[in-house]
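Novice: Here it is, the structure in full.
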Amino acid sequence: MASSNMTSHNENSLVETKKTSKSSKNHTYDLDWIKNTNAKPFFTDDRYLLKKPITDQGCQKRLSKYNGLVNRLVPEQIDEELKKRQLSTSGEIKIRRIRLKHYYKAQLTFGCENPFKMIQQHFEYIAIIDFEATCDNNQGNNYPHEIIEFPIVLIDAKQQIIVDKFQSYCRPTIKPILSNFCTELTGIEQHQVDNAPTFPEVLHNVESWLNERNLLSSNKRRCAFATDGPWDFAKFLRMQCRFNSISYPRWAKKWINIRKEFANFYSLQRCGIGKMLESLGLIFDGRHHSGLDDSMNIARIALELIKDGCVLLLNDGVRASDPKFIDLNISNDKTEDFDEEESPQNDSLVVLDE
Ligand code: AMP
Ligand code: MG
């Protein structure tokens with residue numbers, strides 16, 4: 001462990017300076033003391049970096065001192081420090097502060113400058129999906145939502161860019177005529193679904209598209225699917241598979257819940273796509289409730305998380321034994337229980353009415 005030989009800076013003087021400060025704006029501060037240390041990585045190649053608490057006591061102490069100091073910096077000072085480290089200064093102050101804290105934690109972990117460059121994503125590709133479904137303004141709990149748009153936006157996690165897209169409309173069969181409410185909400189017109197294949201055919205096309213890119217490979221680290229919240233898979237996809245009497249796809253049993261990850265990583269309340277973008281200093285690009293535009297914007301949020309050092313892991317999924325799914329009654333779905341070991345970030349079950 002590295003902590004014993006990490007101190008060459010007088011940390012007490014730092015604390016003294018801060019204790020006497022009413023506002024840190026006009027006082028000196030020094031976040032650069034880490035540079036003078038001989039920090040050694042205490043987790044080498046740890047893909048769960050920034051999500052695990054630091055266990056080494058010396059490092060823990062340093063981290064909490066540093067975080068306390070960062071908490072007292074005013075926004076201009078935060079931005080100055082971010083710039084020094086070539087980090088983004090966009091986003092609301094809470095996010096900028098967390099960015100600086102995560103950077104230091106990564107620095108302690110890897111014991112080097114530019115520690116975000118050391119972080120490796122767990123998955124090579126992340127496929128973002130945001131379904132649109134039939135709906136009405138006075139729909140009850142039992143409304144038979146049928147998927148009418150199936151988009152995919154593919155992220156190359158290492159290159160940190162969007163590399164591909166898929167989109168298909170689907171023709172609903174239970175309620176083939178879209179409500180005016182649905183068309184207004186989603187922008188999807190009647191003729192677009194009338195000319196589209198039904199869901200089972202679209203699912204087949206989706207799986208061919210994924211297979212052409214080797215994204216349904218047996219290599220578990222090749223590709224993960226991601227959505228905004230639990231509803232796309234746990235509600236819409238499950239319902240649709242039941243309507244069509246088809247098996248629930250294996251690849252959709254666990255996913256990355258971006259809304260949950262965003263809230264955890266930046267210590268913010270869970271919120272929708274527009275609000276997440278706004279907190280990051282970005283604006284929604286395109287049309288809200290268009291499946292492809294929603295997916296593109298979720299992908300932009302995922303990319304910001306990756307750039308800020310977040311390793312995206314499976315953090316949500318369906319459990320066959322969960323009473324919430326019993327009324328969905330999928331007889332031919334061989335759903336397995338969520339594998340906690342494989343996905344250490346899984347901390348809650350899917351909540352449909354979240
Ligand atoms: P979203 O991903 O937010 O665009 O929503 C996915 C689907 O949820 C939509 O295609 C609708 O079927 C349904 N939905 C979303 N918002 C509403 C709403 N305000 N009222 C009724 N249904 C909605
Ligand atoms: Mg949507």
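Identifiers in the structure tokens: chain A, B, ... in order shown; residue index from 1 per chain; ligand index from 1 in order shown.
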Please give me, as an NGL selection string, the residues lying within 6 Å of ligand 2 when counting only C-alpha atoms and all ligand atoms.
Specialist: :A and (130-132 or 289-291 or 294)
Novice: Could you give me, as a tab-separated table, every chain A residue with an atom at most 9 Å from ligand 1, plus its closest atom pair and distance in Å to one decimal, counting only C-alpha atoms and all ligand atoms, rows ordered by chain then number?
Specialist:
```
residue	atom	partner	partner_atom_place_in_ligand_line	distance
A:Asp130	CA	ligand 1	2 (O)	5.7
A:Phe131	CA	ligand 1	6 (C)	5.8
A:Glu132	CA	ligand 1	10 (O)	3.3
A:Ala133	CA	ligand 1	12 (O)	3.8
A:Thr134	CA	ligand 1	12 (O)	4.8
A:Cys135	CA	ligand 1	12 (O)	4.5
A:Asp136	CA	ligand 1	21 (C)	5.7
A:Asn137	CA	ligand 1	21 (C)	5.6
A:Asn138	CA	ligand 1	21 (C)	7.8
A:Gln139	CA	ligand 1	21 (C)	7.0
A:His145	CA	ligand 1	12 (O)	6.4
A:Glu146	CA	ligand 1	12 (O)	7.9
A:Ile147	CA	ligand 1	10 (O)	7.7
A:Ile148	CA	ligand 1	10 (O)	7.7
A:Glu149	CA	ligand 1	10 (O)	8.1
A:Phe181	CA	ligand 1	21 (C)	8.0
A:Cys182	CA	ligand 1	11 (C)	6.8
A:Leu185	CA	ligand 1	17 (C)	7.2
A:Thr186	CA	ligand 1	10 (O)	5.9
A:Asp228	CA	ligand 1	2 (O)	7.7
A:Trp231	CA	ligand 1	6 (C)	8.2
A:Asp232	CA	ligand 1	6 (C)	7.4
A:Phe236	CA	ligand 1	7 (C)	8.2
A:Gly272	CA	ligand 1	3 (O)	8.3
A:Ile273	CA	ligand 1	3 (O)	8.6
A:His288	CA	ligand 1	4 (O)	6.5
A:His289	CA	ligand 1	4 (O)	3.3
A:Ser290	CA	ligand 1	4 (O)	6.2
A:Gly291	CA	ligand 1	4 (O)	6.3
A:Asp294	CA	ligand 1	2 (O)	6.7
A:Ser295	CA	ligand 1	2 (O)	8.6
```
Novice: Figure out the distance between atom CA of A:Lys220 and atom CA of A:Phe199, please, to one decimal in Å.
Specialist: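 So the answer is 26.1 Å.
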Novice: Closest to A:Pro249 among A:Leu108, A:Val153, A:Ala234, A:Met118, using only C-alpha atoms?
Specialist: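 Between A:Leu108, A:Val153, A:Ala234, A:Met118, the residue approaching A:Pro249 most closely is A:Ala234.
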Novice: Run DSSP on the backbone and tell me which residues of stretch 155-259 of chain A come out as strand (DSSP E or B); list them as a list of chain:residue names.
Specialist: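 Of stretch 155-259 of chain A, only A:Ile155, A:Asp156, A:Ile161, A:Ile162, A:Val163, A:Asp164, A:Lys165, A:Phe166, A:Gln167, A:Ser168, A:Tyr169, A:Cys223, A:Ala224, A:Phe225, A:Ala226, A:Thr227, A:Lys254, A:Trp255, A:Ile256, A:Asn257 fall in strand (DSSP E or B).
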Novice: Go ahead and dump the residues you just picked, N, CA and C atoms, as a short mmCIF file (atom, residue, chain, number, x, y, z; two decimals), in the first residue's frame.
Specialist:
```
data_model
loop_
_atom_site.label_atom_id
_atom_site.label_comp_id
_atom_site.auth_asym_id
_atom_site.auth_seq_id
_atom_site.Cartn_x
_atom_site.Cartn_y
_atom_site.Cartn_z
N ILE A 155 -22.10 3.44 -29.13
CA ILE A 155 -20.91 4.18 -28.66
C ILE A 155 -19.71 3.25 -28.65
N ASP A 156 -18.60 3.72 -29.18
CA ASP A 156 -17.32 3.03 -28.99
C ASP A 156 -16.73 3.62 -27.71
N ILE A 161 -16.72 7.93 -28.79
CA ILE A 161 -17.52 8.57 -29.85
C ILE A 161 -18.70 7.67 -30.24
N ILE A 162 -19.69 8.30 -30.89
CA ILE A 162 -20.82 7.55 -31.47
C ILE A 162 -20.33 7.01 -32.81
N VAL A 163 -20.50 5.69 -33.01
CA VAL A 163 -19.95 5.12 -34.24
C VAL A 163 -21.01 4.57 -35.20
N ASP A 164 -22.23 4.38 -34.72
CA ASP A 164 -23.25 3.80 -35.61
C ASP A 164 -24.64 4.06 -35.06
N LYS A 165 -25.64 3.89 -35.94
CA LYS A 165 -27.04 4.08 -35.54
C LYS A 165 -27.93 3.09 -36.26
N PHE A 166 -29.03 2.74 -35.64
CA PHE A 166 -30.07 1.91 -36.28
C PHE A 166 -31.39 2.55 -35.92
N GLN A 167 -32.35 2.50 -36.86
CA GLN A 167 -33.69 2.96 -36.49
C GLN A 167 -34.73 2.25 -37.33
N SER A 168 -35.79 1.80 -36.68
CA SER A 168 -36.92 1.25 -37.42
C SER A 168 -38.21 1.61 -36.70
N TYR A 169 -39.25 1.93 -37.46
CA TYR A 169 -40.58 2.03 -36.86
C TYR A 169 -41.17 0.63 -36.81
N CYS A 223 -20.22 -5.81 -25.51
CA CYS A 223 -21.26 -4.77 -25.65
C CYS A 223 -22.27 -4.84 -24.51
N ALA A 224 -22.67 -3.68 -24.01
CA ALA A 224 -23.76 -3.60 -23.02
C ALA A 224 -24.82 -2.67 -23.57
N PHE A 225 -26.05 -2.90 -23.16
CA PHE A 225 -27.15 -2.04 -23.60
C PHE A 225 -27.45 -1.03 -22.50
N ALA A 226 -27.86 0.14 -22.93
CA ALA A 226 -28.12 1.20 -21.94
C ALA A 226 -29.41 1.92 -22.28
N THR A 227 -30.14 2.31 -21.24
CA THR A 227 -31.40 3.04 -21.43
C THR A 227 -31.49 4.14 -20.37
N LYS A 254 -30.05 -7.49 -18.50
CA LYS A 254 -29.29 -6.56 -17.63
C LYS A 254 -28.90 -5.39 -18.49
N TRP A 255 -28.86 -4.23 -17.93
CA TRP A 255 -28.51 -3.06 -18.72
C TRP A 255 -27.86 -1.99 -17.85
N ILE A 256 -27.39 -0.95 -18.53
CA ILE A 256 -26.85 0.22 -17.82
C ILE A 256 -27.99 1.23 -17.76
N ASN A 257 -28.41 1.54 -16.55
CA ASN A 257 -29.45 2.55 -16.35
C ASN A 257 -28.72 3.90 -16.23
#
```
Novice: Looking only at helix (DSSP H, G or I) from DSSP on the backbone, list the matching residues of stretch 211-341 of chain A as a ChimeraX atom specification.
Specialist: /A:211-212,231-243,250-252,258-266,273-279,291-307,323-328
Novice: Work out how far apart atom CA of A:Glu124 and atom CA of A:Leu154 are and give it in Å to one decimal.
Specialist: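 Answer for the atom CA of A:Glu124 to atom CA of A:Leu154 separation: 10.4 Å.
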